[in-house]
Structures are given as C-alpha cells and as structure tokens.
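So this one's start.tsv, TSV, N, CA and C atoms:
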```tsv
chain	number	residue	atom	x	y	z
Z	70	MET	N	20.31	-7.55	25.60
Z	70	MET	CA	19.31	-6.94	24.73
Z	70	MET	C	17.98	-7.65	24.97
Z	71	PRO	N	16.88	-6.90	25.20
Z	71	PRO	CA	15.59	-7.54	25.44
Z	71	PRO	C	15.05	-8.22	24.19
Z	72	GLU	N	14.36	-9.32	24.38
Z	72	GLU	CA	13.77	-10.03	23.25
Z	72	GLU	C	12.42	-9.43	22.90
Z	73	LEU	N	12.11	-9.42	21.60
Z	73	LEU	CA	10.83	-8.93	21.13
Z	73	LEU	C	9.83	-10.07	21.04
Z	74	THR	N	8.59	-9.75	21.33
Z	74	THR	CA	7.54	-10.73	21.07
Z	74	THR	C	7.25	-10.73	19.58
Z	75	MET	N	6.56	-11.74	19.09
Z	75	MET	CA	6.19	-11.79	17.68
Z	75	MET	C	5.32	-10.58	17.32
Z	76	GLN	N	4.41	-10.19	18.21
Z	76	GLN	CA	3.55	-9.05	17.92
Z	76	GLN	C	4.36	-7.76	17.84
Z	77	GLU	N	5.35	-7.57	18.72
Z	77	GLU	CA	6.19	-6.38	18.67
Z	77	GLU	C	6.99	-6.34	17.36
Z	78	LEU	N	7.49	-7.48	16.94
Z	78	LEU	CA	8.22	-7.56	15.69
Z	78	LEU	C	7.31	-7.23	14.51
Z	79	ARG	N	6.11	-7.79	14.51
Z	79	ARG	CA	5.13	-7.52	13.45
Z	79	ARG	C	4.81	-6.03	13.41
Z	80	ASP	N	4.63	-5.41	14.58
Z	80	ASP	CA	4.34	-3.98	14.64
Z	80	ASP	C	5.48	-3.16	14.04
Z	81	LEU	N	6.71	-3.53	14.34
Z	81	LEU	CA	7.86	-2.81	13.79
Z	81	LEU	C	7.93	-2.94	12.27
Z	82	LEU	N	7.62	-4.12	11.77
Z	82	LEU	CA	7.72	-4.36	10.33
Z	82	LEU	C	6.58	-3.72	9.54
Z	83	THR	N	5.47	-3.45	10.19
Z	83	THR	CA	4.31	-2.90	9.48
Z	83	THR	C	3.99	-1.49	9.94
Z	84	ALA	N	4.97	-0.75	10.43
Z	84	ALA	CA	4.70	0.55	11.03
Z	84	ALA	C	5.05	1.76	10.17
Z	85	PRO	N	5.04	1.69	8.82
Z	85	PRO	CA	5.37	2.90	8.08
Z	85	PRO	C	4.31	3.98	8.21
Z	86	ALA	N	4.41	4.99	7.39
Z	86	ALA	CA	3.62	6.21	7.54
Z	86	ALA	C	2.11	6.00	7.50
Z	87	ALA	N	1.62	4.91	6.99
Z	87	ALA	CA	0.17	4.74	6.89
Z	87	ALA	C	-0.48	4.41	8.22
Z	88	ARG	N	0.27	4.14	9.24
Z	88	ARG	CA	-0.33	3.94	10.56
Z	88	ARG	C	-0.77	5.31	11.02
Z	89	THR	N	-2.04	5.60	10.90
Z	89	THR	CA	-2.55	6.96	10.88
Z	89	THR	C	-3.03	7.46	12.23
Z	90	LEU	N	-2.34	7.24	13.27
Z	90	LEU	CA	-2.77	7.63	14.60
Z	90	LEU	C	-3.14	9.11	14.64
Z	91	GLY	N	-4.42	9.40	14.47
Z	91	GLY	CA	-4.90	10.77	14.57
Z	91	GLY	C	-4.72	11.61	13.31
Z	92	THR	N	-4.26	11.04	12.22
Z	92	THR	CA	-4.09	11.81	10.99
Z	92	THR	C	-4.91	11.17	9.88
Z	93	SER	N	-5.01	11.85	8.78
Z	93	SER	CA	-5.76	11.32	7.64
Z	93	SER	C	-4.97	10.19	7.00
Z	94	PRO	N	-5.68	9.20	6.46
Z	94	PRO	CA	-4.98	8.12	5.74
Z	94	PRO	C	-4.21	8.69	4.56
Z	95	ARG	N	-3.11	8.05	4.24
Z	95	ARG	CA	-2.27	8.46	3.12
Z	95	ARG	C	-2.43	7.46	1.99
Z	96	ARG	N	-2.26	7.93	0.76
Z	96	ARG	CA	-2.36	7.04	-0.39
Z	96	ARG	C	-1.12	6.15	-0.42
Z	97	GLU	N	-1.34	4.86	-0.59
Z	97	GLU	CA	-0.26	3.88	-0.67
Z	97	GLU	C	-0.50	2.92	-1.80
Z	98	ILE	N	0.58	2.37	-2.32
Z	98	ILE	CA	0.53	1.21	-3.20
Z	98	ILE	C	0.84	0.02	-2.31
Z	99	VAL	N	-0.05	-0.98	-2.33
Z	99	VAL	CA	0.13	-2.16	-1.50
Z	99	VAL	C	0.28	-3.38	-2.41
Z	100	VAL	N	1.42	-4.03	-2.30
Z	100	VAL	CA	1.69	-5.25	-3.06
Z	100	VAL	C	1.26	-6.42	-2.18
Z	101	VAL	N	0.45	-7.29	-2.77
Z	101	VAL	CA	-0.13	-8.40	-2.03
Z	101	VAL	C	0.32	-9.71	-2.68
Z	102	ASP	N	0.36	-10.76	-1.88
Z	102	ASP	CA	0.78	-12.04	-2.46
Z	102	ASP	C	-0.16	-12.44	-3.60
Z	103	ARG	N	0.29	-13.38	-4.40
Z	103	ARG	CA	-0.43	-13.89	-5.58
Z	103	ARG	C	-0.55	-12.86	-6.70
Z	104	GLY	N	0.32	-11.84	-6.68
Z	104	GLY	CA	0.40	-10.91	-7.80
Z	104	GLY	C	-0.52	-9.70	-7.77
Z	105	TRP	N	-1.28	-9.51	-6.71
Z	105	TRP	CA	-2.18	-8.36	-6.64
Z	105	TRP	C	-1.42	-7.11	-6.24
Z	106	VAL	N	-1.79	-5.97	-6.85
Z	106	VAL	CA	-1.24	-4.66	-6.49
Z	106	VAL	C	-2.43	-3.70	-6.41
Z	107	PHE	N	-2.57	-3.05	-5.25
Z	107	PHE	CA	-3.65	-2.10	-5.03
Z	107	PHE	C	-3.08	-0.73	-4.73
Z	108	VAL	N	-3.87	0.31	-4.99
Z	108	VAL	CA	-3.53	1.67	-4.58
Z	108	VAL	C	-4.79	2.26	-3.95
Z	109	GLY	N	-4.61	2.98	-2.85
Z	109	GLY	CA	-5.73	3.60	-2.18
Z	109	GLY	C	-5.28	4.27	-0.90
Z	110	PHE	N	-6.24	4.81	-0.16
Z	110	PHE	CA	-5.95	5.48	1.11
Z	110	PHE	C	-5.92	4.44	2.21
Z	111	ALA	N	-4.75	4.24	2.80
Z	111	ALA	CA	-4.50	3.11	3.69
Z	111	ALA	C	-4.62	3.48	5.16
Z	112	THR	N	-5.20	2.56	5.91
Z	112	THR	CA	-5.17	2.57	7.37
Z	112	THR	C	-4.82	1.16	7.81
Z	113	VAL	N	-4.23	1.07	8.99
Z	113	VAL	CA	-3.81	-0.23	9.51
Z	113	VAL	C	-4.60	-0.52	10.78
Z	114	ALA	N	-5.25	-1.67	10.81
Z	114	ALA	CA	-6.01	-2.10	11.99
Z	114	ALA	C	-5.04	-2.57	13.07
Z	115	PRO	N	-5.49	-2.62	14.31
Z	115	PRO	CA	-4.62	-3.10	15.39
Z	115	PRO	C	-4.04	-4.49	15.13
Z	116	ASN	N	-4.75	-5.32	14.37
Z	116	ASN	CA	-4.24	-6.67	14.08
Z	116	ASN	C	-3.28	-6.69	12.89
Z	117	GLY	N	-3.01	-5.50	12.29
Z	117	GLY	CA	-2.07	-5.41	11.18
Z	117	GLY	C	-2.69	-5.46	9.80
Z	118	ASP	N	-3.98	-5.79	9.71
Z	118	ASP	CA	-4.64	-5.80	8.41
Z	118	ASP	C	-4.63	-4.39	7.82
Z	119	VAL	N	-4.45	-4.28	6.51
Z	119	VAL	CA	-4.41	-2.99	5.83
Z	119	VAL	C	-5.72	-2.79	5.08
Z	120	SER	N	-6.42	-1.71	5.38
Z	120	SER	CA	-7.65	-1.36	4.68
Z	120	SER	C	-7.37	-0.21	3.74
Z	121	LEU	N	-7.86	-0.34	2.51
Z	121	LEU	CA	-7.69	0.71	1.51
Z	121	LEU	C	-9.06	1.23	1.10
Z	122	ASP	N	-9.24	2.53	1.20
Z	122	ASP	CA	-10.46	3.18	0.73
Z	122	ASP	C	-10.17	3.89	-0.57
Z	123	ASP	N	-11.23	4.08	-1.38
Z	123	ASP	CA	-11.08	4.66	-2.71
Z	123	ASP	C	-9.97	3.91	-3.46
Z	124	ALA	N	-10.05	2.58	-3.38
Z	124	ALA	CA	-8.99	1.70	-3.89
Z	124	ALA	C	-9.19	1.34	-5.35
Z	125	SER	N	-8.07	1.00	-5.98
Z	125	SER	CA	-8.06	0.47	-7.34
Z	125	SER	C	-7.04	-0.64	-7.42
Z	126	THR	N	-7.31	-1.60	-8.29
Z	126	THR	CA	-6.31	-2.60	-8.63
Z	126	THR	C	-5.42	-1.99	-9.71
Z	127	VAL	N	-4.11	-2.12	-9.54
Z	127	VAL	CA	-3.19	-1.65	-10.57
Z	127	VAL	C	-3.01	-2.80	-11.55
Z	128	ARG	N	-3.74	-2.74	-12.65
Z	128	ARG	CA	-3.72	-3.82	-13.64
Z	128	ARG	C	-2.46	-3.74	-14.51
Z	129	ILE	N	-2.12	-2.53	-14.94
Z	129	ILE	CA	-0.92	-2.32	-15.76
Z	129	ILE	C	-0.16	-1.15	-15.13
Z	130	TRP	N	1.10	-1.40	-14.76
Z	130	TRP	CA	1.89	-0.36	-14.13
Z	130	TRP	C	2.11	0.81	-15.08
Z	131	GLY	N	2.47	0.54	-16.33
Z	131	GLY	CA	2.71	1.59	-17.30
Z	131	GLY	C	3.95	2.41	-17.03
Z	132	THR	N	4.92	1.82	-16.36
Z	132	THR	CA	6.13	2.55	-15.99
Z	132	THR	C	7.35	1.97	-16.70
Z	133	SER	N	8.42	2.72	-16.68
Z	133	SER	CA	9.70	2.21	-17.15
Z	133	SER	C	10.62	1.88	-15.97
Z	134	ARG	N	10.21	2.35	-14.75
Z	134	ARG	CA	11.05	2.14	-13.57
Z	134	ARG	C	10.29	1.52	-12.40
Z	135	GLY	N	9.26	0.74	-12.68
Z	135	GLY	CA	8.60	-0.06	-11.66
Z	135	GLY	C	7.61	0.69	-10.78
Z	136	LEU	N	7.23	0.02	-9.70
Z	136	LEU	CA	6.22	0.57	-8.80
Z	136	LEU	C	6.71	1.81	-8.06
Z	137	GLY	N	8.01	1.88	-7.82
Z	137	GLY	CA	8.55	3.07	-7.17
Z	137	GLY	C	8.27	4.33	-7.98
Z	138	GLN	N	8.33	4.21	-9.29
Z	138	GLN	CA	8.00	5.34	-10.16
Z	138	GLN	C	6.55	5.75	-9.97
Z	139	LEU	N	5.65	4.77	-9.86
Z	139	LEU	CA	4.24	5.11	-9.62
Z	139	LEU	C	4.07	5.83	-8.30
Z	140	ALA	N	4.75	5.34	-7.27
Z	140	ALA	CA	4.62	5.95	-5.95
Z	140	ALA	C	5.15	7.39	-5.95
Z	141	LEU	N	6.26	7.62	-6.62
Z	141	LEU	CA	6.90	8.93	-6.59
Z	141	LEU	C	6.33	9.92	-7.59
Z	142	GLU	N	5.86	9.42	-8.75
Z	142	GLU	CA	5.43	10.30	-9.83
Z	142	GLU	C	3.94	10.25	-10.13
Z	143	GLY	N	3.22	9.31	-9.54
Z	143	GLY	CA	1.80	9.16	-9.82
Z	143	GLY	C	1.57	8.35	-11.08
Z	144	MET	N	0.30	8.31	-11.50
Z	144	MET	CA	-0.06	7.53	-12.68
Z	144	MET	C	0.71	8.00	-13.90
Z	145	GLN	N	1.10	7.06	-14.74
Z	145	GLN	CA	1.78	7.34	-15.99
Z	145	GLN	C	0.76	7.21	-17.13
Z	146	PRO	N	1.09	7.70	-18.32
Z	146	PRO	CA	0.13	7.64	-19.43
Z	146	PRO	C	-0.38	6.22	-19.73
Z	147	ASN	N	0.44	5.20	-19.51
Z	147	ASN	CA	0.03	3.83	-19.81
Z	147	ASN	C	-0.44	3.04	-18.59
Z	148	THR	N	-0.55	3.68	-17.43
Z	148	THR	CA	-1.03	3.00	-16.23
Z	148	THR	C	-2.52	2.70	-16.38
Z	149	LYS	N	-2.92	1.50	-15.99
Z	149	LYS	CA	-4.33	1.10	-16.04
Z	149	LYS	C	-4.77	0.70	-14.63
Z	150	LEU	N	-5.79	1.40	-14.12
Z	150	LEU	CA	-6.36	1.10	-12.81
Z	150	LEU	C	-7.79	0.61	-12.97
Z	151	ASP	N	-8.18	-0.34	-12.13
Z	151	ASP	CA	-9.55	-0.82	-12.08
Z	151	ASP	C	-10.11	-0.48	-10.71
Z	152	PRO	N	-11.02	0.51	-10.60
Z	152	PRO	CA	-11.58	0.88	-9.31
Z	152	PRO	C	-12.26	-0.31	-8.65
Z	153	CYS	N	-12.07	-0.42	-7.34
Z	153	CYS	CA	-12.68	-1.55	-6.62
Z	153	CYS	C	-13.23	-1.14	-5.26
Z	154	GLY	N	-13.43	0.15	-5.00
Z	154	GLY	CA	-14.05	0.58	-3.76
Z	154	GLY	C	-13.12	0.45	-2.57
Z	155	SER	N	-13.53	-0.37	-1.60
Z	155	SER	CA	-12.72	-0.59	-0.40
Z	155	SER	C	-12.21	-2.02	-0.38
Z	156	VAL	N	-10.98	-2.17	0.07
Z	156	VAL	CA	-10.33	-3.48	0.12
Z	156	VAL	C	-9.66	-3.62	1.48
Z	157	THR	N	-9.77	-4.79	2.07
Z	157	THR	CA	-9.01	-5.10	3.28
Z	157	THR	C	-8.09	-6.27	2.97
Z	158	VAL	N	-6.81	-6.08	3.27
Z	158	VAL	CA	-5.80	-7.10	3.00
Z	158	VAL	C	-5.29	-7.63	4.33
Z	159	PRO	N	-5.35	-8.95	4.54
Z	159	PRO	CA	-4.81	-9.50	5.78
Z	159	PRO	C	-3.31	-9.22	5.89
Z	160	SER	N	-2.85	-8.95	7.09
Z	160	SER	CA	-1.44	-8.62	7.28
Z	160	SER	C	-0.51	-9.70	6.73
Z	161	SER	N	-0.96	-10.95	6.80
Z	161	SER	CA	-0.12	-12.06	6.32
Z	161	SER	C	0.06	-12.06	4.81
Z	162	ALA	N	-0.78	-11.33	4.09
Z	162	ALA	CA	-0.71	-11.31	2.63
Z	162	ALA	C	0.05	-10.10	2.08
Z	163	VAL	N	0.38	-9.14	2.94
Z	163	VAL	CA	1.06	-7.93	2.48
Z	163	VAL	C	2.53	-8.23	2.21
Z	164	VAL	N	2.97	-7.94	1.00
Z	164	VAL	CA	4.37	-8.14	0.61
Z	164	VAL	C	5.15	-6.83	0.78
Z	165	ALA	N	4.55	-5.70	0.36
Z	165	ALA	CA	5.22	-4.41	0.46
Z	165	ALA	C	4.19	-3.30	0.45
Z	166	ARG	N	4.57	-2.17	1.04
Z	166	ARG	CA	3.73	-0.98	1.04
Z	166	ARG	C	4.59	0.21	0.63
Z	167	LEU	N	4.14	0.95	-0.38
Z	167	LEU	CA	4.88	2.12	-0.87
Z	167	LEU	C	4.02	3.36	-0.64
Z	168	LEU	N	4.53	4.29	0.12
Z	168	LEU	CA	3.83	5.54	0.36
Z	168	LEU	C	3.91	6.40	-0.89
Z	169	CYS	N	2.78	6.90	-1.34
Z	169	CYS	CA	2.74	7.71	-2.56
Z	169	CYS	C	3.04	9.17	-2.24
Z	170	ALA	N	3.75	9.84	-3.14
Z	170	ALA	CA	4.06	11.25	-2.99
Z	170	ALA	C	2.75	12.04	-3.07
Z	171	GLU	N	2.57	12.93	-2.11
Z	171	GLU	CA	1.34	13.72	-2.08
Z	171	GLU	C	1.26	14.63	-3.31
Z	172	GLY	N	0.07	14.78	-3.83
Z	172	GLY	CA	-0.15	15.67	-4.95
Z	172	GLY	C	0.20	15.09	-6.31
Z	173	LYS	N	0.75	13.88	-6.35
Z	173	LYS	CA	1.14	13.30	-7.63
Z	173	LYS	C	0.04	12.42	-8.23
Z	174	TRP	N	-0.94	12.03	-7.42
Z	174	TRP	CA	-2.04	11.19	-7.90
Z	174	TRP	C	-3.24	12.07	-8.10
Z	175	ARG	N	-3.97	11.83	-9.22
Z	175	ARG	CA	-5.17	12.62	-9.47
Z	175	ARG	C	-6.40	11.81	-9.18
```
Structure encoded using structure tokens:
Amino acid sequence: MPELTMQELRDLLTAPAARTLGTSPRREIVVVDRGWVFVGFATVAPNGDVSLDDASTVRIWGTSRGLGQLALEGMQPNTKLDPCGSVTVPSSAVVARLLCAEGKWR
C-alpha cells in the first residue's frame, strides 16, 4: 500500500463538500478550537485554511439536539447569531465542519 504524505492526508481530512472547485460556496457550520463556532459560506484555500463569507458567530445554539440540528434544520427560535462579515480560520484550528442543508437557513 503506498504511503501518504502529510499534505495528502490533510487534503483527505479536509475535503468535504465545501471544497468548491468551480461551484458556489456552500453554507457550513465550522467548529474552531477554543470554543468558537461560525456559520457562513465556506471556501477552502489550497493551504487548507477555511474562509467564511457572510459569516456569523453562533453565540447560542438554541437547539435540543446540538449543532447537527442547526445544520439540518437551520436556525431555531432560540438560536443567537452575531454577524461578523468574513472570517478566515487556519486549517490547524478547525475541529469540525458541518454542511448545512440548503434552503433551511434564512
């Protein structure tokens, strides 16, 4: 079995749907180290950094079933977002990325 380079492994681990080769960015929830959670339209730079446009900090999830509920169902009545424009998160700080269901976020 051929061995992977560290960069190839990093690419495999960070290659979900937001890698937008020729398509529009998709809305994602991005969990970042130190407790930060952002939502916005994600693109991934060649170095793995995640940029979010039209981004907000998710201050209060407002869910009964966690971040997955936000991703699948959109904002809940008790969800609190703080708009923050554009955010770039270094690849080393990304803990998780959740692709949001289209049409569920307003």
Quick one: pull the distance between atom CA of Trp174 of chain Z and atom N of Met144 of chain Z, Å, one decimal.
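The value is 5.2 Å.
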Nearest to Val164 of chain Z by atom-to-atom distance, counting only N, CA and C atoms, from Z:Val119, Z:Glu97, Z:Asp102, Z:Thr74
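Closest residue, counting only N, CA and C atoms: Z:Asp102.
Atom pair atom CA of Asn147 of chain Z / atom C of Lys173 of chain Z has a distance of 14.4 Å (rounded to one decimal).
Nearest residue to Pro152 of chain Z, choosing from Z:Asn116, Z:Thr126, Z:Val106, Z:Ala111 and counting all atoms listed in the file: Z:Thr126.
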Do you know which residues are at most 5 Å from Val127 of chain Z counting only N, CA and C atoms, after dropping those on the same chain fewer than 3 positions away, and could you put them as a list in words?
Val106, Phe107, Lys149 and Leu150 of chain Z
Here is a test: counting only C-alpha atoms, which residue of Z:Leu168, Z:Val108, Z:Leu136, Z:Val100 is nearest to Asp122 of chain Z?
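Looking at the shortest contact to Asp122 of chain Z, the residue is Z:Val108.
The two atoms in question, atom C of Thr112 of chain Z and atom CA of Val158 of chain Z, are spaced 9.6 Å apart.
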Could you check the closest approach to Ser155 of chain Z for each of Z:Met75, Z:Gly109, Z:Ala124, Z:Gly117 and tell me which residue wins, using all atoms listed in the file?
Z:Ala124
Of Z:Gln76, Z:Gly131, Z:Arg95, Z:Ser120, the one sitting nearest Thr157 of chain Z when using all atoms listed in the file is Z:Ser120
Quick one: of Z:Val101, Z:Phe110, Z:Pro94, Z:Ser125, who's nearest to Cys153 of chain Z, counting only C-alpha atoms?
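Nearest candidate to Cys153 of chain Z out of Z:Val101, Z:Phe110, Z:Pro94, Z:Ser125: Z:Ser125.
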